[in-house]
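Source file: protein-v4.cif. Holds: mmCIF, C-alpha atoms and all ligand atoms.
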```
data_model
#
loop_
_atom_site.label_atom_id
_atom_site.label_comp_id
_atom_site.auth_asym_id
_atom_site.auth_seq_id
_atom_site.Cartn_x
_atom_site.Cartn_y
_atom_site.Cartn_z
CA MET A 1 -10.58 -65.07 62.68
CA LYS A 2 -12.31 -64.60 59.34
CA ASP A 3 -11.06 -61.11 58.73
CA LEU A 4 -14.03 -59.80 56.83
CA VAL A 5 -12.76 -56.25 56.91
CA LYS A 6 -9.62 -57.30 55.05
CA GLN A 7 -11.58 -59.46 52.59
CA LEU A 8 -13.83 -56.53 51.84
CA ASP A 9 -10.88 -54.25 51.28
CA LYS A 10 -9.44 -56.68 48.74
CA SER A 11 -12.61 -57.30 46.77
CA GLN A 12 -13.63 -53.66 46.59
CA VAL A 13 -10.26 -52.08 46.09
CA LYS A 14 -10.75 -51.48 42.36
CA ARG A 15 -13.76 -49.24 42.75
CA ILE A 16 -12.49 -47.16 45.64
CA PRO A 17 -11.81 -43.64 44.39
CA GLY A 18 -8.46 -42.03 45.15
CA ILE A 19 -8.43 -38.59 46.70
CA ARG A 20 -7.15 -37.09 43.40
CA ASN A 21 -10.37 -38.11 41.62
CA LEU A 22 -12.40 -36.42 44.31
CA TYR A 23 -10.49 -33.18 44.03
CA ARG A 24 -9.87 -33.12 40.27
CA ASP A 25 -12.30 -30.31 39.40
CA ILE A 26 -11.57 -28.16 42.43
CA GLN A 27 -7.79 -28.36 42.73
CA LYS A 28 -7.39 -24.63 41.92
CA ASP A 29 -9.84 -23.70 44.65
CA LEU A 30 -8.07 -25.96 47.14
CA ASP A 31 -4.75 -24.32 46.22
CA ALA A 32 -6.39 -20.95 46.89
CA VAL A 33 -7.49 -22.28 50.30
CA GLU A 34 -3.85 -23.15 51.08
CA GLU A 35 -2.83 -19.58 50.17
CA GLU A 36 -5.61 -18.18 52.34
CA LEU A 37 -4.52 -20.35 55.28
CA LYS A 38 -0.98 -18.99 54.88
CA GLU A 39 -2.39 -15.45 55.17
CA TYR A 40 -4.23 -16.34 58.39
CA ILE A 41 -1.12 -17.60 60.09
CA LYS A 42 1.02 -14.58 59.24
CA SER A 43 1.60 -12.87 62.55
CA PRO A 44 4.13 -10.45 64.00
CA ASN A 45 3.97 -12.64 67.07
CA LYS A 46 6.86 -15.09 66.69
CA ILE A 47 5.33 -17.96 68.67
CA ILE A 48 2.04 -17.79 66.79
CA ALA A 49 3.78 -17.60 63.40
CA GLU A 50 6.18 -20.45 64.18
CA ILE A 51 3.64 -22.94 65.54
CA SER A 52 0.98 -22.10 62.97
CA SER A 53 3.41 -22.64 60.15
CA TYR A 54 4.40 -26.03 61.66
CA LEU A 55 0.71 -26.87 61.84
CA PHE A 56 -0.41 -25.91 58.37
CA LYS A 57 2.71 -27.12 56.54
CA ASN A 58 1.82 -30.74 57.12
CA ALA A 59 -1.44 -30.62 55.21
CA GLY A 60 -4.25 -32.95 56.18
CA LYS A 61 -6.74 -34.34 53.68
CA ARG A 62 -8.67 -31.04 53.49
CA ILE A 63 -11.94 -32.97 53.25
CA ARG A 64 -14.08 -30.26 54.87
CA PRO A 65 -12.91 -27.48 52.49
CA ALA A 66 -13.41 -29.81 49.51
CA LEU A 67 -16.98 -30.55 50.59
CA LEU A 68 -17.77 -26.87 51.10
CA ILE A 69 -16.36 -25.94 47.69
CA LEU A 70 -18.21 -28.72 45.86
CA CYS A 71 -21.51 -27.94 47.63
CA SER A 72 -21.21 -24.27 46.65
CA LYS A 73 -20.51 -25.21 43.04
CA LEU A 74 -23.49 -27.54 42.88
CA TYR A 75 -25.55 -24.39 42.53
CA GLY A 76 -23.17 -22.55 40.22
CA TYR A 77 -21.55 -20.32 42.86
CA THR A 78 -18.87 -18.21 41.16
CA GLY A 79 -17.72 -15.78 43.89
CA ASP A 80 -14.70 -16.19 46.15
CA GLU A 81 -16.28 -16.46 49.59
CA HIS A 82 -16.09 -20.26 49.36
CA ILE A 83 -12.29 -19.98 49.68
CA ILE A 84 -12.61 -17.92 52.86
CA LEU A 85 -15.26 -20.13 54.44
CA SER A 86 -13.30 -23.27 53.53
CA SER A 87 -10.26 -21.83 55.28
CA LEU A 88 -12.40 -21.05 58.31
CA VAL A 89 -13.78 -24.59 58.65
CA GLU A 90 -10.29 -26.03 58.19
CA THR A 91 -8.97 -23.68 60.87
CA ILE A 92 -11.73 -24.67 63.30
CA HIS A 93 -10.85 -28.31 62.58
CA THR A 94 -7.14 -27.60 63.19
CA ALA A 95 -7.85 -25.72 66.44
CA SER A 96 -10.00 -28.59 67.66
CA LEU A 97 -7.22 -31.12 66.96
CA LEU A 98 -4.77 -29.02 68.98
CA HIS A 99 -7.02 -29.32 72.00
CA ASP A 100 -7.98 -32.92 71.22
CA ASP A 101 -4.36 -34.11 71.18
CA ILE A 102 -3.87 -32.72 74.68
CA ILE A 103 -7.10 -34.31 75.94
CA ASP A 104 -6.24 -37.65 74.26
CA ASN A 105 -2.61 -37.51 75.35
CA SER A 106 -1.59 -38.07 71.69
CA GLN A 107 2.10 -37.61 71.11
CA THR A 108 1.94 -37.77 67.29
CA ARG A 109 -0.30 -36.34 64.59
CA ARG A 110 0.16 -36.83 60.85
CA GLY A 111 3.44 -38.65 61.42
CA ARG A 112 5.08 -35.88 63.44
CA GLU A 113 5.21 -34.73 67.03
CA SER A 114 1.91 -33.18 68.04
CA VAL A 115 2.05 -29.49 68.93
CA HIS A 116 1.69 -30.05 72.67
CA THR A 117 4.51 -32.60 72.60
CA LYS A 118 6.76 -29.96 71.02
CA TRP A 119 5.58 -26.77 72.73
CA GLY A 120 3.76 -28.04 75.82
CA PRO A 121 0.04 -27.97 76.69
CA ASN A 122 -0.20 -24.36 77.89
CA ILE A 123 1.01 -22.79 74.66
CA THR A 124 -1.01 -25.30 72.66
CA VAL A 125 -4.30 -24.51 74.41
CA LEU A 126 -3.71 -20.80 73.82
CA LEU A 127 -2.84 -21.29 70.16
CA GLY A 128 -6.01 -23.35 69.69
CA ASP A 129 -8.03 -20.55 71.32
CA TYR A 130 -6.28 -17.98 69.12
CA LEU A 131 -6.97 -19.83 65.85
CA TYR A 132 -10.53 -20.51 66.88
CA ILE A 133 -11.42 -16.95 67.80
CA LYS A 134 -9.74 -15.67 64.63
CA THR A 135 -12.14 -17.75 62.55
CA ILE A 136 -15.14 -16.23 64.30
CA GLY A 137 -13.66 -12.77 63.74
CA TYR A 138 -13.20 -13.41 60.01
CA SER A 139 -16.67 -14.87 59.68
CA LEU A 140 -18.18 -11.55 60.84
CA GLN A 141 -17.13 -10.11 57.48
CA SER A 142 -19.41 -12.46 55.54
CA ARG A 143 -22.38 -11.04 53.69
CA HIS A 144 -24.43 -14.04 54.85
CA LYS A 145 -25.47 -13.24 58.38
CA GLN A 146 -26.38 -16.80 59.42
CA ILE A 147 -22.78 -17.94 58.85
CA VAL A 148 -21.49 -16.71 62.23
CA GLN A 149 -24.39 -18.52 63.90
CA ILE A 150 -23.61 -21.76 62.04
CA LEU A 151 -19.92 -21.60 62.98
CA THR A 152 -20.61 -20.87 66.65
CA ASP A 153 -23.32 -23.57 66.80
CA VAL A 154 -21.04 -26.17 65.29
CA SER A 155 -18.21 -25.20 67.65
CA SER A 156 -20.40 -25.61 70.72
CA LYS A 157 -21.60 -28.98 69.40
CA MET A 158 -18.00 -30.13 68.88
CA ILE A 159 -17.06 -29.04 72.38
CA GLU A 160 -20.10 -30.80 73.81
CA GLY A 161 -19.27 -34.01 71.93
CA GLU A 162 -15.64 -33.93 73.09
CA LEU A 163 -16.73 -33.16 76.65
CA ASN A 164 -19.24 -36.04 76.71
CA GLU A 165 -16.69 -38.41 75.22
CA TYR A 166 -14.15 -37.54 77.89
CA TYR A 167 -16.77 -37.71 80.64
CA VAL A 168 -17.69 -41.31 79.78
CA SER A 169 -14.08 -42.51 79.44
CA TRP A 170 -13.61 -45.89 81.13
CA ASN A 171 -17.39 -46.11 81.58
CA LEU A 172 -18.30 -49.54 80.27
CA ASP A 173 -22.04 -48.87 80.37
CA ILE A 174 -21.85 -46.63 77.32
CA ASP A 175 -24.08 -48.00 74.56
CA GLU A 176 -24.23 -47.54 70.80
CA HIS A 177 -26.79 -44.77 71.10
CA ASN A 178 -24.52 -42.70 73.43
CA TYR A 179 -21.56 -43.39 71.14
CA LEU A 180 -23.39 -42.27 67.98
CA ASP A 181 -24.56 -39.09 69.72
CA ILE A 182 -20.99 -38.26 70.77
CA ILE A 183 -19.48 -38.75 67.31
CA ASN A 184 -22.33 -36.87 65.69
CA LYS A 185 -21.50 -33.84 67.81
CA LYS A 186 -17.72 -34.00 67.87
CA THR A 187 -17.12 -34.94 64.21
CA ALA A 188 -20.18 -35.14 61.98
CA SER A 189 -21.34 -31.64 62.93
CA LEU A 190 -18.40 -29.95 61.16
CA PHE A 191 -18.83 -32.10 58.03
CA SER A 192 -22.48 -31.14 58.07
CA ALA A 193 -21.80 -27.42 58.57
CA SER A 194 -19.23 -27.45 55.74
CA CYS A 195 -21.80 -28.83 53.30
CA GLN A 196 -24.49 -26.48 54.57
CA LEU A 197 -22.24 -23.43 54.20
CA GLY A 198 -21.48 -24.43 50.60
CA GLY A 199 -25.22 -24.69 49.93
CA ILE A 200 -25.88 -21.29 51.49
CA LEU A 201 -23.23 -19.65 49.29
CA GLY A 202 -24.85 -21.22 46.23
CA ASN A 203 -28.29 -19.96 47.32
CA ALA A 204 -29.63 -23.50 47.63
CA LYS A 205 -33.34 -23.73 48.46
CA ASN A 206 -34.22 -24.71 52.06
CA LYS A 207 -34.97 -28.28 51.02
CA GLU A 208 -31.66 -28.62 49.18
CA GLU A 209 -29.74 -27.06 52.07
CA LYS A 210 -31.29 -29.66 54.37
CA ILE A 211 -30.24 -32.49 52.05
CA LEU A 212 -26.66 -31.18 51.99
CA THR A 213 -26.64 -30.82 55.77
CA ASP A 214 -27.84 -34.44 56.18
CA PHE A 215 -25.37 -35.62 53.55
CA GLY A 216 -22.54 -34.03 55.57
CA THR A 217 -23.79 -35.58 58.81
CA ASN A 218 -23.89 -39.08 57.32
CA LEU A 219 -20.47 -38.64 55.76
CA GLY A 220 -19.05 -37.40 59.08
CA MET A 221 -20.54 -40.38 60.92
CA THR A 222 -18.88 -42.70 58.38
CA PHE A 223 -15.60 -40.84 58.86
CA GLN A 224 -15.53 -41.13 62.65
CA ILE A 225 -16.66 -44.78 62.80
CA ILE A 226 -13.85 -45.65 60.38
CA ASP A 227 -11.44 -43.54 62.47
CA ASP A 228 -12.42 -45.64 65.50
CA LEU A 229 -12.16 -48.88 63.50
CA LEU A 230 -8.68 -47.92 62.27
CA ASP A 231 -7.63 -47.50 65.89
CA TYR A 232 -7.97 -51.32 66.06
CA THR A 233 -7.02 -52.33 62.53
CA GLY A 234 -4.86 -49.57 61.07
CA ASP A 235 -1.19 -49.39 60.20
CA GLU A 236 0.64 -46.91 62.42
CA ASN A 237 3.04 -45.74 59.70
CA THR A 238 0.27 -45.10 57.19
CA MET A 239 -1.91 -43.29 59.71
CA GLY A 240 0.88 -41.28 61.31
CA LYS A 241 -0.43 -42.05 64.81
CA PRO A 242 -0.29 -45.11 67.08
CA ILE A 243 -3.07 -47.69 67.12
CA LEU A 244 -5.07 -48.65 70.24
CA SER A 245 -4.78 -45.12 71.55
CA ASP A 246 -8.55 -44.89 72.19
CA LEU A 247 -8.36 -48.00 74.34
CA ARG A 248 -5.28 -46.77 76.19
CA GLU A 249 -7.13 -43.59 77.13
CA GLY A 250 -10.32 -45.43 78.09
CA ARG A 251 -12.37 -44.27 75.09
CA ILE A 252 -15.02 -46.94 74.58
CA THR A 253 -15.74 -46.90 70.84
CA LEU A 254 -18.00 -49.09 68.72
CA PRO A 255 -15.77 -52.21 68.40
CA LEU A 256 -15.54 -52.46 72.18
CA ILE A 257 -19.20 -51.54 72.75
CA TYR A 258 -20.18 -54.39 70.43
CA THR A 259 -17.79 -56.74 72.22
CA LEU A 260 -19.09 -55.87 75.68
CA GLN A 261 -22.67 -56.37 74.59
CA ASN A 262 -22.34 -59.40 72.34
CA ASP A 263 -19.35 -61.48 73.34
CA GLY A 264 -19.81 -64.20 75.96
CA ARG A 265 -19.93 -63.46 79.66
CA GLU A 266 -16.40 -64.82 80.20
CA ASN A 267 -14.77 -62.44 77.71
CA ARG A 268 -16.88 -59.55 78.92
CA ASN A 269 -15.86 -60.11 82.54
CA ARG A 270 -12.24 -60.49 81.55
CA ILE A 271 -12.32 -57.14 79.67
CA LEU A 272 -14.11 -55.46 82.58
CA ASP A 273 -11.35 -56.70 84.89
CA LEU A 274 -8.59 -55.46 82.60
CA LEU A 275 -10.20 -52.06 82.07
CA LYS A 276 -10.82 -51.56 85.79
CA LYS A 277 -7.07 -51.05 86.20
CA LYS A 278 -7.25 -47.96 83.93
CA LYS A 279 -3.64 -48.55 82.95
CA LEU A 280 -3.38 -51.15 80.24
CA ASP A 281 -0.02 -52.82 79.68
CA LYS A 282 0.96 -54.31 76.32
CA SER A 283 -0.32 -57.80 77.11
CA SER A 284 -3.73 -56.45 78.27
CA LEU A 285 -4.02 -54.36 75.10
CA ASP A 286 -3.10 -57.38 72.96
CA GLU A 287 -5.61 -59.54 74.77
CA ILE A 288 -8.46 -57.05 74.24
CA LEU A 289 -7.41 -56.61 70.60
CA TYR A 290 -7.49 -60.38 70.09
CA THR A 291 -10.98 -60.62 71.59
CA VAL A 292 -12.32 -57.72 69.53
CA LYS A 293 -10.85 -59.27 66.38
CA SER A 294 -12.38 -62.67 67.14
CA ASN A 295 -16.04 -61.88 67.74
CA GLY A 296 -17.24 -60.01 64.64
CA ALA A 297 -16.96 -56.56 66.29
CA LEU A 298 -14.80 -55.17 63.49
CA ASP A 299 -17.13 -56.43 60.81
CA TYR A 300 -20.11 -54.98 62.71
CA THR A 301 -18.34 -51.62 63.02
CA PHE A 302 -17.51 -51.54 59.32
CA ARG A 303 -21.13 -52.38 58.46
CA LYS A 304 -22.36 -49.52 60.66
CA ALA A 305 -20.05 -47.09 58.86
CA GLU A 306 -21.25 -48.53 55.57
CA GLU A 307 -24.91 -47.85 56.53
CA PHE A 308 -24.11 -44.17 56.98
CA SER A 309 -22.11 -44.01 53.75
CA VAL A 310 -24.92 -45.68 51.78
CA HIS A 311 -27.43 -43.25 53.24
CA SER A 312 -25.24 -40.29 52.31
CA LYS A 313 -25.16 -41.53 48.70
CA GLU A 314 -28.94 -41.94 48.65
CA LEU A 315 -29.38 -38.35 49.83
CA LEU A 316 -27.40 -37.06 46.87
CA GLN A 317 -29.85 -38.73 44.52
CA HIS A 318 -32.42 -36.12 45.58
CA LEU A 319 -30.29 -33.36 44.04
CA GLY A 320 -30.14 -32.55 40.35
CA PRO A 321 -27.40 -34.28 38.31
CA SER A 322 -24.12 -32.40 37.76
CA VAL A 323 -20.37 -33.05 37.63
CA HIS A 324 -20.09 -31.63 41.15
CA ARG A 325 -22.72 -34.03 42.44
CA ASP A 326 -20.73 -36.83 40.76
CA ALA A 327 -17.60 -35.66 42.61
CA LEU A 328 -19.50 -35.52 45.93
CA SER A 329 -20.81 -39.03 45.34
CA LEU A 330 -17.21 -40.35 45.43
CA PHE A 331 -16.68 -39.20 49.03
CA PRO A 332 -18.72 -41.89 50.84
CA ASP A 333 -16.68 -44.78 49.38
CA TYR A 334 -13.41 -42.92 49.77
CA ILE A 335 -14.12 -42.25 53.44
CA LEU A 336 -15.46 -45.76 54.06
CA HIS A 337 -12.40 -47.48 52.59
CA ARG A 338 -9.66 -45.08 53.69
CA ASN A 339 -6.68 -46.45 55.53
CA LYS A 340 -5.54 -43.17 57.08
C1 LIG B 1 -10.82 -35.86 67.05
O1 LIG B 1 -11.41 -37.06 67.47
C2 LIG B 1 -11.52 -34.68 67.66
C3 LIG B 1 -12.61 -34.05 67.18
C4 LIG B 1 -13.25 -34.50 65.94
C5 LIG B 1 -13.26 -32.90 67.84
C6 LIG B 1 -12.44 -32.23 68.93
C7 LIG B 1 -13.20 -31.08 69.54
C8 LIG B 1 -12.73 -30.34 70.55
C9 LIG B 1 -11.40 -30.57 71.19
C10 LIG B 1 -13.54 -29.22 71.06
C11 LIG B 1 -12.85 -27.89 70.82
C12 LIG B 1 -13.38 -27.29 69.58
C13 LIG B 1 -13.02 -26.09 69.08
C14 LIG B 1 -13.87 -25.52 68.03
C15 LIG B 1 -11.84 -25.30 69.50
P1 LIG B 1 -10.49 -38.33 67.74
O2 LIG B 1 -9.69 -38.12 68.96
O3 LIG B 1 -11.38 -39.52 67.73
O4 LIG B 1 -9.59 -38.38 66.43
P2 LIG B 1 -8.02 -38.55 66.30
O5 LIG B 1 -7.81 -40.03 66.32
O6 LIG B 1 -7.68 -37.95 64.96
O7 LIG B 1 -7.38 -37.84 67.44
MG MG B 2 -7.78 -37.68 69.39
#
```
Could you show the structure in this file as structure tokens?
Amino acid sequence: MKDLVKQLDKSQVKRIPGIRNLYRDIQKDLDAVEEELKEYIKSPNKIIAEISSYLFKNAGKRIRPALLILCSKLYGYTGDEHIILSSLVETIHTASLLHDDIIDNSQTRRGRESVHTKWGPNITVLLGDYLYIKTIGYSLQSRHKQIVQILTDVSSKMIEGELNEYYVSWNLDIDEHNYLDIINKKTASLFSASCQLGGILGNAKNKEEKILTDFGTNLGMTFQIIDDLLDYTGDENTMGKPILSDLREGRITLPLIYTLQNDGRENRNRILDLLKKKKLDKSSLDEILYTVKSNGALDYTFRKAEEFSVHSKELLQHLGPSVHRDALSLFPDYILHRNK
């Protein structure tokens, strides 16, 4: 197969920003977020303290806090509430992954055993609930009254997206429209809320807040489409989680949706037959992977992610120039070309 995704990666590699460039001007704030997160997880309860420290020690990319911080600084915000709100969005994200790994039956996360693999699903569900409700409690202290509403709205959207995704598992009638709606809710909504919260702290005008919200949505859509692409193309060691796990669990993401709608009838029927079993052995997985790699589905998926990333960059052009806007403008390409 002409592996366009790989060709693209090679030709564009020079202009892809590293995460350090993105975070250069806000490293101090991000360090403060790490300190704040440590405070949250201090607990006299031994189980909570132990698992939370396991969770937060293996830091993720902290993309949502970085977006919130940069969006607040766009408008010259100089207070310290951005550190608190960034910690809250990161904690909501962490709580959602605890639950998601149970639902997705994922044994590893960030290269280590997932929490439910180590402590079992019951404790993990409760810890997710605990972290989540703590964030809502902390948010009540904010001077900005709409913040609690934004955090609860985004949480219900995420739950709805995850619920819908699970509900349509193994359902081969899912189309691109259903898929985009699911990922908008489960993933893009928190990116969007992070940018919006930053704008609110900086007293952005309504129009500017809307641009930031849309910027976050488009970035989040890029992020999740690439996440789903990496499930077919990624390197397990780099990503810290196995590939083809969506397929194994019957999650029909864009590469497969494209395949089912655009490949020939023979391949489509063959995939329908394999997926009917709902338990895919190695040779079935390899066969589906081969088909998806051979029919342009991966290139199509990358192009779809690229559309969202391009749109997110265009949105930023409607905001006044600043070093923080320049930093934000590096995110779309970073997210589009990431390999983990
Ligand atoms: C990861 O997707 C999961 C999400 C982005 C959202 C999960 C949301 C919930 C479980 C709802 C509960 C929410 C709260 C606020 C407690 P993925 O499985 O595609 O990504 P992965 O490959 O990293 O697992
Ligand atoms: Mg998952």
Given the choices A:Glu306, A:Glu50, A:Asp100, A:Asp263, which gets closest to ligand MG 2 (chain B) if the distance is worked out from only C-alpha atoms and all ligand atoms?
-> A:Asp100
Could I get the residue neighbourhood of ligand LIG 1 (chain B) at 6 Å, counting all atoms listed in the file, as a ChimeraX atom specification?
-> /A:92,95-97,99-100,132,155,158-159,162,186-187
With distances taken over all atoms listed in the file, which of A:Pro321, A:Gly202, A:Gly250, A:Gly76 is nearest to ligand MG 2 (chain B)?
->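 Of all the options, A:Gly250 lies closest to ligand MG 2 (chain B).
Among A:Tyr130, A:Leu247, A:Pro255, A:Val125, the residue with the shortest atom-to-atom distance to Lys282 of chain A, counting only C-alpha atoms, is A:Leu247.
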May I ask you to write as a PDB file with C-alpha atoms, keeping the file's coordinate frame all residues lying at most 8 Å from ligand MG 2 (chain B), with all atoms listed in the file counted?
```
ATOM      1  CA  LEU A  97      -7.220 -31.120  66.960  1.00  0.00           C
ATOM      2  CA  ASP A 100      -7.980 -32.920  71.220  1.00  0.00           C
ATOM      3  CA  ASP A 101      -4.360 -34.110  71.180  1.00  0.00           C
ATOM      4  CA  ILE A 103      -7.100 -34.310  75.940  1.00  0.00           C
ATOM      5  CA  ASP A 104      -6.240 -37.650  74.260  1.00  0.00           C
ATOM      6  CA  ASN A 105      -2.610 -37.510  75.350  1.00  0.00           C
ATOM      7  CA  SER A 106      -1.590 -38.070  71.690  1.00  0.00           C
ATOM      8  CA  ASP A 246      -8.550 -44.890  72.190  1.00  0.00           C
TER       9      ASP A 246
END
```
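Minimum atom-to-atom distance to Asn45 of chain A, evaluated using only C-alpha atoms, belongs to A:Leu127 out of A:Ile147, A:Leu127, A:Leu244, A:Leu315.
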Would you list the contacts of Asn339 of chain A as a PyMOL selection string, taking every protein, DNA or RNA residue within 10 Å and counting all atoms listed in the file, but skipping same-chain residues closer than 5 positions in sequence?
-> chain A and resi 9+226-227+229-230+233-235+238-239+334
Hey, what's within 12 Å of Glu90 of chain A if we count only C-alpha atoms and toss same-chain stuff fewer than 3 positions away? As a PyMOL selection string, please?
-> chain A and resi 30+33-34+36-37+40+55-56+59-68+83-87+93-97+131-132+135+151+190-191+193-194
Excluding same-chain residues fewer than 2 positions from Arg143 of chain A, what lies within 12 Å of it counting all atoms listed in the file, as a ChimeraX atom specification?
-> /A:79-82,84-85,138-141,145-148,200-201
Long-range neighbours of Asn178 of chain A as a VMD selection string, 12 Å cut-off, all atoms listed in the file, 5 positions minimum in chain | chain A and resid 161 164 to 165 167 to 168 171 to 173 183 to 185 252 to 254 257
So how far away is atom CA of Ser156 of chain A from atom CA of Gly220 of chain A, in Å?
-> 16.6 Å
Nearest to Ile48 of chain A among A:Leu219, A:Val323, A:Leu328, A:Ile123, with distances taken over only C-alpha atoms: which residue is it?
->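 Looking only at the distances to Ile48 of chain A, the closest residue turns out to be A:Ile123.
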Output segment 227-243 of chain A from the block with N, CA, C and O atoms, as a PDB file, in the first residue's frame?
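Saved file decode-v6.pdb follows:
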```pdb
ATOM      1  N   ASP A 227      -6.069   9.923  17.715  1.00  0.00           N
ATOM      2  CA  ASP A 227      -6.054   8.827  18.694  1.00  0.00           C
ATOM      3  C   ASP A 227      -6.594   7.546  18.035  1.00  0.00           C
ATOM      4  O   ASP A 227      -6.020   6.460  18.185  1.00  0.00           O
ATOM      5  N   ASP A 228      -7.675   7.690  17.285  1.00  0.00           N
ATOM      6  CA  ASP A 228      -8.298   6.528  16.645  1.00  0.00           C
ATOM      7  C   ASP A 228      -7.462   6.015  15.472  1.00  0.00           C
ATOM      8  O   ASP A 228      -7.439   4.816  15.198  1.00  0.00           O
ATOM      9  N   LEU A 229      -6.766   6.942  14.807  1.00  0.00           N
ATOM     10  CA  LEU A 229      -5.856   6.530  13.725  1.00  0.00           C
ATOM     11  C   LEU A 229      -4.668   5.758  14.311  1.00  0.00           C
ATOM     12  O   LEU A 229      -4.261   4.719  13.781  1.00  0.00           O
ATOM     13  N   LEU A 230      -4.125   6.281  15.415  1.00  0.00           N
ATOM     14  CA  LEU A 230      -2.965   5.620  16.043  1.00  0.00           C
ATOM     15  C   LEU A 230      -3.317   4.213  16.536  1.00  0.00           C
ATOM     16  O   LEU A 230      -2.436   3.370  16.664  1.00  0.00           O
ATOM     17  N   ASP A 231      -4.589   3.977  16.781  1.00  0.00           N
ATOM     18  CA  ASP A 231      -4.986   2.627  17.203  1.00  0.00           C
ATOM     19  C   ASP A 231      -4.729   1.624  16.056  1.00  0.00           C
ATOM     20  O   ASP A 231      -4.619   0.427  16.290  1.00  0.00           O
ATOM     21  N   TYR A 232      -4.654   2.134  14.825  1.00  0.00           N
ATOM     22  CA  TYR A 232      -4.327   1.266  13.675  1.00  0.00           C
ATOM     23  C   TYR A 232      -2.856   1.361  13.267  1.00  0.00           C
ATOM     24  O   TYR A 232      -2.304   0.415  12.739  1.00  0.00           O
ATOM     25  N   THR A 233      -2.252   2.540  13.494  1.00  0.00           N
ATOM     26  CA  THR A 233      -0.919   2.755  12.901  1.00  0.00           C
ATOM     27  C   THR A 233       0.187   2.899  13.931  1.00  0.00           C
ATOM     28  O   THR A 233       1.358   2.925  13.573  1.00  0.00           O
ATOM     29  N   GLY A 234      -0.173   3.069  15.208  1.00  0.00           N
ATOM     30  CA  GLY A 234       0.801   3.489  16.206  1.00  0.00           C
ATOM     31  C   GLY A 234       1.775   2.395  16.636  1.00  0.00           C
ATOM     32  O   GLY A 234       1.619   1.217  16.300  1.00  0.00           O
ATOM     33  N   ASP A 235       2.778   2.843  17.398  1.00  0.00           N
ATOM     34  CA  ASP A 235       3.755   1.921  17.958  1.00  0.00           C
ATOM     35  C   ASP A 235       3.404   1.722  19.433  1.00  0.00           C
ATOM     36  O   ASP A 235       3.298   2.693  20.188  1.00  0.00           O
ATOM     37  N   GLU A 236       3.212   0.479  19.824  1.00  0.00           N
ATOM     38  CA  GLU A 236       2.706   0.202  21.178  1.00  0.00           C
ATOM     39  C   GLU A 236       3.639   0.732  22.266  1.00  0.00           C
ATOM     40  O   GLU A 236       3.190   1.253  23.283  1.00  0.00           O
ATOM     41  N   ASN A 237       4.964   0.606  22.031  1.00  0.00           N
ATOM     42  CA  ASN A 237       5.900   1.063  23.069  1.00  0.00           C
ATOM     43  C   ASN A 237       5.848   2.573  23.230  1.00  0.00           C
ATOM     44  O   ASN A 237       5.857   3.099  24.341  1.00  0.00           O
ATOM     45  N   THR A 238       5.781   3.285  22.101  1.00  0.00           N
ATOM     46  CA  THR A 238       5.727   4.752  22.164  1.00  0.00           C
ATOM     47  C   THR A 238       4.442   5.214  22.836  1.00  0.00           C
ATOM     48  O   THR A 238       4.434   6.132  23.653  1.00  0.00           O
ATOM     49  N   MET A 239       3.343   4.556  22.491  1.00  0.00           N
ATOM     50  CA  MET A 239       2.043   5.017  22.999  1.00  0.00           C
ATOM     51  C   MET A 239       1.761   4.555  24.427  1.00  0.00           C
ATOM     52  O   MET A 239       0.939   5.132  25.127  1.00  0.00           O
ATOM     53  N   GLY A 240       2.409   3.471  24.826  1.00  0.00           N
ATOM     54  CA  GLY A 240       2.180   2.956  26.184  1.00  0.00           C
ATOM     55  C   GLY A 240       0.856   2.226  26.324  1.00  0.00           C
ATOM     56  O   GLY A 240       0.341   2.038  27.426  1.00  0.00           O
ATOM     57  N   LYS A 241       0.282   1.828  25.187  1.00  0.00           N
ATOM     58  CA  LYS A 241      -0.966   1.035  25.210  1.00  0.00           C
ATOM     59  C   LYS A 241      -1.007   0.209  23.925  1.00  0.00           C
ATOM     60  O   LYS A 241      -0.388   0.589  22.916  1.00  0.00           O
ATOM     61  N   PRO A 242      -1.707  -0.931  23.934  1.00  0.00           N
ATOM     62  CA  PRO A 242      -1.697  -1.788  22.749  1.00  0.00           C
ATOM     63  C   PRO A 242      -2.469  -1.182  21.581  1.00  0.00           C
ATOM     64  O   PRO A 242      -3.386  -0.372  21.796  1.00  0.00           O
ATOM     65  N   ILE A 243      -2.079  -1.565  20.361  1.00  0.00           N
ATOM     66  CA  ILE A 243      -2.857  -1.093  19.201  1.00  0.00           C
ATOM     67  C   ILE A 243      -4.035  -2.047  18.954  1.00  0.00           C
ATOM     68  O   ILE A 243      -4.129  -3.110  19.565  1.00  0.00           O
TER      69      ILE A 243
END
```
